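Trainee: This is the content of work31.txt (compact mmCIF, C-alpha atoms):
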```txt
# COMPACT_ATOMS: atom_id res chain seq x y z
CA MET S 1 -44.00 -33.26 56.27
CA SER S 2 -42.03 -36.41 55.53
CA ARG S 3 -38.28 -36.53 55.71
CA ALA S 4 -38.07 -36.82 51.93
CA GLN S 5 -40.28 -33.73 51.43
CA GLU S 6 -38.15 -31.77 53.94
CA ALA S 7 -34.99 -32.70 52.07
CA GLN S 8 -36.60 -31.62 48.81
CA VAL S 9 -37.49 -28.18 50.25
CA ARG S 10 -33.96 -27.72 51.63
CA SER S 11 -32.47 -28.66 48.27
CA ASP S 12 -34.75 -26.20 46.42
CA ARG S 13 -33.80 -23.40 48.83
CA ARG S 14 -30.13 -24.14 48.41
CA MET S 15 -30.50 -23.98 44.62
CA GLY S 16 -32.31 -20.64 44.95
CA ASP S 17 -29.58 -19.26 47.24
CA VAL S 18 -26.83 -20.32 44.87
CA ALA S 19 -28.68 -18.62 41.97
CA ILE S 20 -29.11 -15.39 43.97
CA ALA S 21 -25.47 -15.44 45.09
CA ALA S 22 -24.33 -15.94 41.48
CA ALA S 23 -26.61 -13.12 40.21
CA SER S 24 -25.31 -10.79 42.95
CA VAL S 25 -21.67 -11.50 42.11
CA LEU S 26 -22.42 -10.96 38.40
CA ALA S 27 -24.23 -7.66 39.12
CA LEU S 28 -21.31 -6.50 41.29
CA GLY S 29 -18.89 -7.28 38.45
CA CYS S 30 -21.02 -5.35 35.96
CA ALA S 31 -21.26 -2.38 38.35
CA VAL S 32 -17.46 -2.24 38.73
CA LEU S 33 -16.97 -2.42 34.94
CA LEU S 34 -19.62 0.22 34.22
CA LEU S 35 -18.62 2.70 36.93
CA ALA S 36 -14.83 2.38 37.00
CA GLY S 37 -13.27 1.38 33.71
CA GLY S 38 -13.66 2.37 30.10
CA ALA S 39 -15.98 5.35 30.61
CA GLU S 40 -13.76 7.66 28.55
CA HIS S 41 -14.50 8.61 24.96
CA PRO S 42 -11.45 10.35 23.54
CA PRO S 43 -12.12 12.24 20.29
CA PRO S 44 -10.55 10.60 17.20
CA GLN S 45 -7.06 11.82 16.25
CA PRO S 46 -5.57 11.83 12.74
CA SER S 47 -2.98 9.18 11.83
CA ALA S 48 0.50 10.13 10.56
CA ALA S 49 -0.68 9.20 7.04
CA GLN S 50 -3.03 12.22 7.06
CA ALA S 51 -0.18 14.71 7.63
CA ALA S 52 1.08 16.97 4.83
CA ARG S 53 3.80 15.36 2.73
CA THR S 54 7.09 17.07 3.51
CA ASP S 55 9.15 15.31 0.80
CA ALA S 56 7.29 16.94 -2.10
CA PRO S 57 5.60 20.23 -1.15
CA GLY S 58 2.22 20.61 -2.81
CA ALA S 59 2.21 17.04 -4.14
CA GLY S 60 -0.69 16.06 -1.92
CA ALA S 61 -2.65 19.13 -2.97
CA ARG S 62 -2.16 18.39 -6.67
CA ALA S 63 -3.23 14.81 -6.22
CA ALA S 64 -6.35 15.83 -4.29
CA GLY S 65 -7.81 18.09 -7.00
CA THR S 66 -7.01 21.17 -9.05
CA ALA S 67 -7.37 24.53 -7.40
CA ALA S 68 -10.46 26.51 -8.42
CA ARG S 69 -10.54 30.20 -9.23
CA ALA S 70 -10.90 32.46 -6.19
CA LEU S 71 -14.35 33.77 -5.28
CA PRO S 72 -15.10 37.39 -4.34
CA PRO S 73 -15.24 38.17 -0.62
CA SER S 74 -18.47 37.13 1.08
CA PRO S 75 -19.05 36.21 4.71
CA PRO S 76 -19.90 32.54 5.31
CA ASP S 77 -23.14 31.22 6.84
CA ARG S 78 -22.66 27.47 7.35
CA ILE S 79 -19.99 24.79 7.18
CA ARG S 80 -20.62 21.19 6.12
CA ILE S 81 -18.21 18.26 6.44
CA PRO S 82 -20.25 15.31 5.11
CA ALA S 83 -17.70 12.60 6.12
CA ILE S 84 -18.20 13.38 9.83
CA ARG S 85 -21.83 14.56 9.53
CA VAL S 86 -21.11 18.19 10.42
CA ASP S 87 -23.64 20.82 9.25
CA ALA S 88 -23.21 23.84 11.50
CA PRO S 89 -23.95 27.57 11.45
CA LEU S 90 -20.95 29.92 11.62
CA THR S 91 -20.56 32.90 13.94
CA GLY S 92 -17.95 35.66 13.61
CA LEU S 93 -14.83 35.37 15.78
CA GLY S 94 -12.28 37.96 16.85
CA LEU S 95 -9.03 37.72 18.79
CA THR S 96 -8.50 37.36 22.53
CA SER S 97 -6.36 39.88 24.43
CA SER S 98 -3.37 37.54 24.02
CA GLY S 99 -3.80 37.53 20.25
CA SER S 100 -5.12 33.98 19.95
CA LEU S 101 -8.27 33.21 18.00
CA ASP S 102 -11.41 33.57 20.12
CA VAL S 103 -13.88 30.67 20.20
CA PRO S 104 -17.68 30.36 19.97
CA PRO S 105 -19.56 30.50 23.32
CA ALA S 106 -19.10 27.25 25.30
CA GLY S 107 -22.86 27.11 25.83
CA ARG S 108 -23.43 26.67 22.07
CA PRO S 109 -21.65 23.37 21.30
CA ASP S 110 -23.46 23.13 17.94
CA LEU S 111 -21.94 26.39 16.67
CA ALA S 112 -18.68 26.87 14.75
CA GLY S 113 -16.97 30.21 14.09
CA TRP S 114 -14.84 31.98 11.48
CA TYR S 115 -12.17 34.67 11.88
CA GLU S 116 -14.11 37.64 10.53
CA SER S 117 -11.19 40.08 10.35
CA GLY S 118 -9.41 37.70 8.01
CA THR S 119 -10.03 36.08 4.64
CA THR S 120 -13.58 34.93 3.84
CA PRO S 121 -13.82 31.25 2.78
CA GLY S 122 -13.41 31.11 -1.03
CA GLU S 123 -11.40 34.29 -1.57
CA THR S 124 -7.63 34.22 -2.06
CA GLY S 125 -5.82 33.76 1.25
CA THR S 126 -6.22 31.66 4.37
CA ALA S 127 -9.73 31.52 5.85
CA ILE S 128 -9.93 30.23 9.42
CA VAL S 129 -12.78 28.25 11.00
CA ALA S 130 -12.75 26.95 14.59
CA GLY S 131 -15.15 25.02 16.79
CA HIS S 132 -15.23 23.11 20.05
CA VAL S 133 -14.31 19.44 20.30
CA ASP S 134 -16.33 19.26 23.52
CA ASN S 135 -17.69 21.34 26.37
CA ALA S 136 -18.35 20.43 30.01
CA ASP S 137 -21.44 18.43 29.01
CA GLY S 138 -19.84 16.27 26.33
CA PRO S 139 -18.94 16.20 22.62
CA ALA S 140 -19.39 19.38 20.51
CA VAL S 141 -19.52 20.33 16.81
CA PHE S 142 -15.97 19.28 15.80
CA TYR S 143 -15.71 16.21 18.08
CA ARG S 144 -14.92 13.99 15.10
CA LEU S 145 -12.73 16.48 13.18
CA GLY S 146 -9.67 14.26 13.72
CA ALA S 147 -11.39 11.54 11.66
CA VAL S 148 -11.42 13.72 8.51
CA ARG S 149 -9.17 12.27 5.78
CA LYS S 150 -7.15 13.67 2.88
CA GLY S 151 -9.27 14.17 -0.23
CA GLY S 152 -12.44 14.72 1.82
CA THR S 153 -14.85 17.55 1.07
CA ILE S 154 -15.72 20.64 3.11
CA GLU S 155 -18.51 22.94 1.92
CA VAL S 156 -19.11 26.52 3.07
CA ASP S 157 -22.40 28.29 2.30
CA ARG S 158 -21.74 31.96 1.65
CA ARG S 159 -23.97 34.95 2.15
CA ASP S 160 -23.65 35.90 -1.53
CA GLY S 161 -25.81 32.83 -2.20
CA GLY S 162 -23.08 30.50 -3.40
CA THR S 163 -21.27 27.55 -1.87
CA ALA S 164 -17.48 27.21 -1.75
CA VAL S 165 -16.22 23.62 -2.03
CA PHE S 166 -12.85 22.73 -0.48
CA THR S 167 -10.79 19.54 -0.70
CA VAL S 168 -8.75 18.37 2.30
CA ASP S 169 -4.94 18.40 1.80
CA ALA S 170 -3.85 17.28 5.26
CA VAL S 171 -5.01 16.75 8.84
CA GLU S 172 -2.37 17.46 11.48
CA VAL S 173 -2.02 17.68 15.26
CA TYR S 174 0.10 20.36 16.92
CA ASP S 175 1.20 20.80 20.51
CA ALA S 176 0.10 24.17 21.96
CA LYS S 177 3.70 24.80 23.09
CA ASP S 178 5.00 24.54 19.52
CA PHE S 179 2.16 25.86 17.36
CA PRO S 180 3.20 26.69 13.76
CA ASP S 181 1.46 30.08 13.38
CA GLU S 182 2.71 30.80 9.85
CA LYS S 183 1.80 27.37 8.51
CA VAL S 184 -1.71 27.47 9.99
CA TYR S 185 -2.65 31.17 9.79
CA GLY S 186 -0.13 32.63 7.32
CA PRO S 187 -1.17 34.09 3.95
CA ALA S 188 -1.69 31.85 0.90
CA ALA S 189 -1.55 32.58 -2.83
CA ARG S 190 -4.73 30.58 -3.50
CA PRO S 191 -8.04 30.23 -1.59
CA GLU S 192 -7.35 27.99 1.41
CA LEU S 193 -9.25 26.95 4.51
CA ARG S 194 -8.19 25.82 7.98
CA VAL S 195 -10.60 24.06 10.33
CA ILE S 196 -9.35 23.92 13.92
CA THR S 197 -10.40 22.19 17.13
CA CYS S 198 -8.76 20.90 20.31
CA GLY S 199 -6.84 17.63 20.36
CA GLY S 200 -3.44 16.03 20.68
CA GLY S 201 -3.93 14.15 23.93
CA TYR S 202 -5.68 15.15 27.12
CA SER S 203 -4.92 15.22 30.82
CA ARG S 204 -7.28 16.21 33.61
CA ALA S 205 -4.67 18.61 35.00
CA THR S 206 -3.82 20.56 31.84
CA GLY S 207 -6.68 19.82 29.41
CA TYR S 208 -6.05 19.21 25.72
CA ARG S 209 -2.39 19.41 24.73
CA GLY S 210 -2.96 21.21 21.42
CA ASN S 211 -5.05 21.39 18.27
CA VAL S 212 -6.20 19.27 15.36
CA VAL S 213 -5.92 21.36 12.16
CA VAL S 214 -7.51 20.44 8.82
CA PHE S 215 -5.81 22.03 5.77
CA ALA S 216 -7.95 22.41 2.64
CA HIS S 217 -8.00 24.41 -0.60
CA LEU S 218 -10.81 25.59 -2.87
CA THR S 219 -11.59 23.11 -5.67
CA GLY S 220 -15.00 24.29 -6.79
CA SER S 221 -18.07 26.39 -6.17
CA ARG S 222 -21.73 26.41 -7.04
CA MET A 223 -26.04 79.34 25.75
CA ARG A 224 -26.23 79.07 22.00
CA ARG A 225 -22.46 78.63 21.96
CA THR A 226 -22.72 75.76 24.46
CA ALA A 227 -25.40 74.13 22.34
CA ARG A 228 -23.22 74.44 19.26
CA LEU A 229 -20.26 72.95 21.15
CA LEU A 230 -22.42 70.07 22.33
CA THR A 231 -23.72 69.46 18.83
CA GLY A 232 -20.15 69.51 17.53
CA ALA A 233 -19.09 67.01 20.19
CA ALA A 234 -22.04 64.77 19.36
CA LEU A 235 -21.20 64.90 15.66
CA ALA A 236 -17.54 64.12 16.38
CA ALA A 237 -18.55 61.18 18.56
CA GLY A 238 -20.83 59.97 15.80
CA ALA A 239 -18.02 60.25 13.25
CA VAL A 240 -15.64 58.32 15.50
CA GLY A 241 -18.36 55.72 15.98
CA LEU A 242 -18.63 55.35 12.21
CA VAL A 243 -14.88 54.97 11.78
CA VAL A 244 -14.35 52.35 14.47
CA THR A 245 -17.35 50.25 13.45
CA PRO A 246 -15.87 46.79 12.69
CA ALA A 247 -15.85 45.48 9.12
CA TYR A 248 -19.17 43.82 9.74
CA GLY A 249 -21.54 46.71 10.23
CA GLY A 250 -23.30 48.45 7.37
CA ASP A 251 -26.63 46.78 7.98
CA SER A 252 -28.49 49.93 8.93
CA GLY A 253 -31.28 50.16 6.43
CA GLY A 254 -31.61 46.49 5.55
CA LEU A 255 -28.75 46.09 3.06
CA GLU A 256 -25.70 44.33 4.48
CA VAL A 257 -22.45 45.39 2.82
CA PHE A 258 -19.35 43.19 3.05
CA PRO A 259 -16.71 44.22 3.63
CA SER A 260 -18.22 47.45 4.91
CA SER A 261 -14.79 49.01 4.47
CA VAL A 262 -12.85 48.45 1.23
CA GLU A 263 -9.91 49.78 -0.81
CA PRO A 264 -10.47 51.35 -4.26
CA GLY A 265 -10.64 48.51 -6.83
CA GLY A 266 -11.94 46.03 -4.23
CA GLU A 267 -14.93 43.76 -4.63
CA VAL A 268 -18.01 44.13 -2.43
CA THR A 269 -20.84 41.69 -1.68
CA VAL A 270 -24.25 42.97 -0.56
CA HIS A 271 -27.26 41.04 0.60
CA THR A 272 -30.67 41.66 2.09
CA GLU A 273 -33.40 39.56 3.64
CA PHE A 274 -36.10 42.13 2.94
CA CYS A 275 -36.86 41.34 -0.70
CA PRO A 276 -39.55 38.69 -1.29
CA ARG A 277 -38.33 35.88 -3.58
CA GLY A 278 -34.86 37.40 -3.43
CA ALA A 279 -34.56 39.56 -6.56
CA ALA A 280 -33.59 43.23 -6.52
CA ALA A 281 -31.92 45.98 -8.52
CA GLY A 282 -28.76 47.36 -6.94
CA ASP A 283 -27.43 50.88 -7.31
CA ALA A 284 -23.81 51.69 -6.45
CA SER A 285 -23.62 54.87 -8.52
CA ALA A 286 -22.75 56.84 -5.38
CA VAL A 287 -19.31 55.22 -5.41
CA GLY A 288 -19.11 55.36 -9.23
CA THR A 289 -20.01 51.77 -10.17
CA GLY A 290 -23.58 52.15 -11.47
CA SER A 291 -26.25 49.46 -11.29
CA PHE A 292 -25.89 45.76 -10.48
CA THR A 293 -28.27 42.85 -9.93
CA LEU A 294 -29.21 41.04 -6.72
CA ALA A 295 -30.26 37.42 -7.35
CA PRO A 296 -31.96 34.92 -5.01
CA SER A 297 -29.58 32.85 -2.88
CA THR A 298 -29.46 29.11 -3.56
CA HIS A 299 -29.59 28.15 0.12
CA ASP A 300 -31.73 30.72 1.89
CA GLU A 301 -34.39 33.38 1.35
CA GLN A 302 -31.99 36.24 0.73
CA ALA A 303 -31.09 38.39 -2.26
CA ALA A 304 -27.38 38.82 -2.92
CA GLY A 305 -25.25 40.68 -5.45
CA ARG A 306 -21.79 42.13 -5.92
CA PHE A 307 -19.94 44.94 -7.60
CA ARG A 308 -16.41 46.28 -7.87
CA VAL A 309 -15.44 49.68 -6.49
CA PRO A 310 -13.69 51.70 -9.24
CA PRO A 311 -9.91 52.02 -8.73
CA SER A 312 -10.42 55.79 -8.97
CA ALA A 313 -12.89 55.92 -6.05
CA GLN A 314 -12.10 58.52 -3.39
CA PRO A 315 -12.02 57.66 0.32
CA GLY A 316 -15.34 58.35 2.01
CA THR A 317 -18.66 56.84 3.02
CA TYR A 318 -21.12 55.96 0.25
CA GLU A 319 -24.71 54.78 0.38
CA ILE A 320 -25.42 51.60 -1.59
CA VAL A 321 -29.09 51.07 -2.46
CA ALA A 322 -31.19 48.13 -3.62
CA THR A 323 -34.81 48.15 -4.78
CA CYS A 324 -36.80 44.91 -4.44
CA ALA A 325 -38.14 43.59 -7.78
CA GLU A 326 -41.35 42.65 -5.97
CA GLY A 327 -43.05 45.41 -3.95
CA GLY A 328 -40.42 48.02 -4.78
CA LYS A 329 -39.11 48.28 -1.20
CA ARG A 330 -35.88 50.29 -0.96
CA VAL A 331 -33.06 49.07 1.29
CA ALA A 332 -29.71 50.76 1.85
CA GLY A 333 -26.35 50.23 3.51
CA ASP A 334 -23.11 52.18 3.93
CA LEU A 335 -19.80 51.40 2.24
CA VAL A 336 -16.59 53.02 3.47
CA VAL A 337 -13.82 53.42 0.91
CA THR A 338 -10.42 53.69 2.55
CA LEU A 339 -6.84 53.78 1.28
CA THR A 340 -5.49 51.34 3.88
CA ALA A 341 -6.47 47.69 3.68
CA PRO A 342 -8.72 47.17 6.69
CA ARG A 343 -8.83 43.36 6.56
CA GLY A 344 -6.32 40.56 6.76
CA GLN A 345 -3.60 42.64 8.40
CA THR A 346 -3.23 40.55 11.52
CA HIS A 347 -3.72 36.87 11.87
CA PRO A 348 -4.26 34.97 15.13
CA ARG A 349 -1.35 33.60 17.14
CA GLY A 350 -0.99 30.30 18.93
CA SER A 351 -3.30 27.43 19.74
CA VAL A 352 -7.08 27.68 20.14
CA LYS A 353 -8.95 26.76 23.34
CA THR A 354 -11.73 24.66 21.85
CA GLY A 355 -12.29 22.00 24.48
CA VAL A 356 -12.38 21.31 28.20
CA GLY A 357 -12.42 17.51 28.23
CA GLY A 358 -16.18 17.11 28.72
CA ALA A 359 -16.14 14.23 26.23
CA PHE A 360 -14.03 12.32 28.78
CA GLY A 361 -16.67 12.51 31.48
CA HIS A 362 -18.88 9.63 32.52
CA ASP A 363 -21.62 8.72 30.12
CA PRO A 364 -24.87 9.30 32.11
CA VAL A 365 -26.56 6.18 30.66
CA ARG A 366 -23.57 4.05 31.58
CA THR A 367 -23.43 5.53 35.07
CA ALA A 368 -27.15 4.82 35.61
CA ALA A 369 -26.68 1.21 34.45
CA GLY A 370 -23.73 0.84 36.83
CA VAL A 371 -25.70 2.17 39.79
CA THR A 372 -28.61 -0.18 38.98
CA ALA A 373 -26.25 -3.18 38.82
CA LEU A 374 -24.73 -2.14 42.15
CA ALA A 375 -28.22 -1.93 43.71
CA VAL A 376 -29.09 -5.43 42.42
CA ALA A 377 -25.85 -6.84 43.89
CA ALA A 378 -26.51 -5.14 47.24
CA ALA A 379 -30.09 -6.43 47.38
CA GLY A 380 -28.96 -10.00 46.60
CA GLY A 381 -26.18 -9.88 49.18
CA THR A 382 -28.45 -8.46 51.87
CA TRP A 383 -31.07 -11.13 51.27
CA LEU A 384 -28.48 -13.92 51.57
CA LEU A 385 -27.04 -12.47 54.80
CA HIS A 386 -30.57 -12.17 56.17
CA ARG A 387 -31.21 -15.86 55.42
CA ARG A 388 -28.00 -16.88 57.16
CA ALA A 389 -28.84 -14.79 60.22
CA ARG A 390 -32.23 -16.49 60.42
CA GLY A 391 -30.39 -19.81 60.52
CA ASP A 392 -31.94 -21.21 57.38
CA GLY A 393 -28.41 -21.90 56.21
CA ILE A 394 -27.06 -22.09 52.77
```
Will you turn the file into structure tokens for me?
Mentor:
Amino acid sequence: MSRAQEAQVRSDRRMGDVAIAAASVLALGCAVLLLAGGAEHPPPQPSAAQAARTDAPGAGARAAGTAARALPPSPPDRIRIPAIRVDAPLTGLGLTSSGSLDVPPAGRPDLAGWYESGTTPGETGTAIVAGHVDNADGPAVFYRLGAVRKGGTIEVDRRDGGTAVFTVDAVEVYDAKDFPDEKVYGPAARPELRVITCGGGYSRATGYRGNVVVFAHLTGSR
Amino acid sequence: MRRTARLLTGAALAAGAVGLVVTPAYGGDSGGLEVFPSSVEPGGEVTVHTEFCPRGAAAGDASAVGTGSFTLAPSTHDEQAAGRFRVPPSAQPGTYEIVATCAEGGKRVAGDLVVTLTAPRGQTHPRGSVKTGVGGAFGHDPVRTAAGVTALAVAAAGGTWLLHRRARGDGI
């Protein structure tokens, strides 16, 4: 091999080494980015603009649509929230020993529940629906509930064959330490609906700080 | 002996009666006709439905509680027949059998309705926040983790190869 050929081989090798070194550094950078940072996917939370208007009670409700006549009692079968692509079966829920609303089984993240000792969705009063935002494996049925906006539609299929249509009045977040029981669960003079999931910030030590609550009232049926 | 038997029968009947009373407002599906609420005040409205009638039409009979006949129509979103009636304000407390006869095939389904003077529903509402999440959405995305591990393996392989070359004295 001539001197010139030898130099050529050395130069080629050096180029190859530099390329491999560069690729390795790049791969290491990618690995750090992928494994360490930005792996969290917090569920969406409502903005302050989605809260109920406190200056003029009921103003938001009137703007969102006129209240429809109450329906007779009938247990619900399914809930649909088209804006966040929810179409979920409903199971009956009771109360826990501490008096809080029970939740659907954690192993069924696709399932939502309704408080079956209370008002049925569509009849006069406050009907309550709850579902998980996530379980240990990842997002669940109401993961995107915090992205629901005022004026949005919620539909509930009822066992009497009809569908109750609700319009969203407000989407709020409450801290578990200061939960407004009367506002969320208290009786109403017209058919209303609450849809509840976890939210309001999260820490690994204490879990979710509170709940996202969607307030809606009946505006139609079919 | 006979006395013991009678006592036992009495106890069994009493237990059965208690069982009926404490059945939650969701029962009433013995016999194929679900009645909701299964326990209602006089003057209250009741919804019944059944999945046993083909094409979902049936004739309902609530004459036991003093209402008379009503119609069950096919549901718009499933294969069930559903109907409703109002319990007369004059109805006396007690358990009444509500019957429906399928329009097709003539099958008879029945369910129990309890009329009570105290409102059984909506008396207590839940308290406090709801435990509907554990933070699983915050975990590592498996696809992302796999990509990260692959990238790490590539970096390790590259680094090892370069070190190997240096050790052999080929030099960089």
Trainee: Show me, as CSV, the residues of chain A having an atom within 6 Å of chain S, each with the closest atom pair and its distance in Å, using all atoms listed in the file.
Mentor:
```
residue,atom,partner,partner_atom,distance
A:Thr269,CA,S:Ser74,CA,5.8
A:Ser297,CA,S:Gly161,CA,3.8
A:Thr298,CA,S:Gly161,CA,5.4
A:Ala304,CA,S:Asp160,CA,4.9
A:Arg343,CA,S:Ser117,CA,5.5
A:Gly344,CA,S:Gly118,CA,4.4
A:Pro348,CA,S:Ser100,CA,5.0
A:Arg349,CA,S:Ser100,CA,4.7
A:Gly350,CA,S:Ser100,CA,5.6
A:Ser351,CA,S:Ala176,CA,5.2
A:Thr354,CA,S:His132,CA,4.2
A:Gly355,CA,S:Asp134,CA,5.0
A:Val356,CA,S:Asn135,CA,5.6
A:Gly358,CA,S:Ala136,CA,4.2
A:Ala359,CA,S:Gly138,CA,4.2
A:Phe360,CA,S:Glu40,CA,4.7
A:His362,CA,S:Ala39,CA,5.5
A:Thr367,CA,S:Leu35,CA,5.9
A:Gly370,CA,S:Ala31,CA,4.3
A:Ala373,CA,S:Ala27,CA,4.9
A:Leu374,CA,S:Ala31,CA,5.2
A:Ala377,CA,S:Ser24,CA,4.1
A:Gly380,CA,S:Ser24,CA,5.2
A:Ile394,CA,S:Arg14,CA,5.7
```
Trainee: Using all atoms of stretch 191-203 of chain S that appear in the file, construct an axis-aligned enclosing box with 4 Å of padding on every side and provide its centre coordinates and edge lengths in Å, rounded to one decimal, as lines of an AutoDock Vina configuration file.
Mentor:
```
center_x = -7.0
center_y = 22.2
center_z = 14.6
size_x = 15.2
size_y = 24.1
size_z = 40.4
```
Trainee: Would you kindly return, as an NGL selection string, each protein, DNA or RNA residue with an atom no farther than 9 Å from any atom of A:Gly316, considering only C-alpha atoms and excluding same-chain residues fewer than 4 positions away?
Mentor: :A and (287 or 335-338)
Trainee: How many Å lie between atom CA of S:Ala83 and atom CA of S:Pro44, rounded to one decimal?
Mentor: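 According to the coordinates, atom CA of S:Ala83 and atom CA of S:Pro44 are separated by 13.3 Å.
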Trainee: Only N, CA, C and O atoms, please: stretch 380-391 of chain A from the block, as a PDB file, in the first residue's frame.
Mentor:
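Generated output (result-v1.pdb):
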```
ATOM      1  N   GLY A 380     -22.495   2.756  20.244  1.00  0.00           N
ATOM      2  CA  GLY A 380     -21.563   3.664  19.558  1.00  0.00           C
ATOM      3  C   GLY A 380     -20.348   3.954  20.424  1.00  0.00           C
ATOM      4  O   GLY A 380     -19.203   3.856  19.980  1.00  0.00           O
ATOM      5  N   GLY A 381     -20.606   4.284  21.689  1.00  0.00           N
ATOM      6  CA  GLY A 381     -19.538   4.610  22.619  1.00  0.00           C
ATOM      7  C   GLY A 381     -18.589   3.435  22.822  1.00  0.00           C
ATOM      8  O   GLY A 381     -17.359   3.593  22.792  1.00  0.00           O
ATOM      9  N   THR A 382     -19.159   2.254  22.980  1.00  0.00           N
ATOM     10  CA  THR A 382     -18.357   1.047  23.200  1.00  0.00           C
ATOM     11  C   THR A 382     -17.444   0.774  22.004  1.00  0.00           C
ATOM     12  O   THR A 382     -16.258   0.463  22.151  1.00  0.00           O
ATOM     13  N   TRP A 383     -18.026   0.941  20.810  1.00  0.00           N
ATOM     14  CA  TRP A 383     -17.254   0.680  19.591  1.00  0.00           C
ATOM     15  C   TRP A 383     -16.061   1.624  19.492  1.00  0.00           C
ATOM     16  O   TRP A 383     -14.935   1.225  19.209  1.00  0.00           O
ATOM     17  N   LEU A 384     -16.296   2.919  19.821  1.00  0.00           N
ATOM     18  CA  LEU A 384     -15.220   3.912  19.750  1.00  0.00           C
ATOM     19  C   LEU A 384     -14.119   3.594  20.757  1.00  0.00           C
ATOM     20  O   LEU A 384     -12.928   3.645  20.438  1.00  0.00           O
ATOM     21  N   LEU A 385     -14.523   3.231  21.989  1.00  0.00           N
ATOM     22  CA  LEU A 385     -13.542   2.900  23.033  1.00  0.00           C
ATOM     23  C   LEU A 385     -12.710   1.699  22.599  1.00  0.00           C
ATOM     24  O   LEU A 385     -11.481   1.666  22.761  1.00  0.00           O
ATOM     25  N   HIS A 386     -13.397   0.726  21.994  1.00  0.00           N
ATOM     26  CA  HIS A 386     -12.748  -0.484  21.513  1.00  0.00           C
ATOM     27  C   HIS A 386     -11.671  -0.130  20.487  1.00  0.00           C
ATOM     28  O   HIS A 386     -10.538  -0.620  20.543  1.00  0.00           O
ATOM     29  N   ARG A 387     -12.023   0.765  19.558  1.00  0.00           N
ATOM     30  CA  ARG A 387     -11.080   1.209  18.525  1.00  0.00           C
ATOM     31  C   ARG A 387      -9.863   1.859  19.159  1.00  0.00           C
ATOM     32  O   ARG A 387      -8.726   1.585  18.792  1.00  0.00           O
ATOM     33  N   ARG A 388     -10.090   2.709  20.134  1.00  0.00           N
ATOM     34  CA  ARG A 388      -8.993   3.414  20.804  1.00  0.00           C
ATOM     35  C   ARG A 388      -8.075   2.414  21.471  1.00  0.00           C
ATOM     36  O   ARG A 388      -6.852   2.517  21.376  1.00  0.00           O
ATOM     37  N   ALA A 389      -8.680   1.427  22.157  1.00  0.00           N
ATOM     38  CA  ALA A 389      -7.900   0.436  22.894  1.00  0.00           C
ATOM     39  C   ALA A 389      -7.032  -0.368  21.935  1.00  0.00           C
ATOM     40  O   ALA A 389      -5.911  -0.736  22.254  1.00  0.00           O
ATOM     41  N   ARG A 390      -7.538  -0.595  20.714  1.00  0.00           N
ATOM     42  CA  ARG A 390      -6.781  -1.345  19.727  1.00  0.00           C
ATOM     43  C   ARG A 390      -5.645  -0.514  19.150  1.00  0.00           C
ATOM     44  O   ARG A 390      -4.807  -1.017  18.430  1.00  0.00           O
ATOM     45  N   GLY A 391      -5.669   0.788  19.425  1.00  0.00           N
ATOM     46  CA  GLY A 391      -4.602   1.667  18.983  1.00  0.00           C
ATOM     47  C   GLY A 391      -4.797   2.201  17.596  1.00  0.00           C
ATOM     48  O   GLY A 391      -3.879   2.735  16.990  1.00  0.00           O
TER      49      GLY A 391
END
```
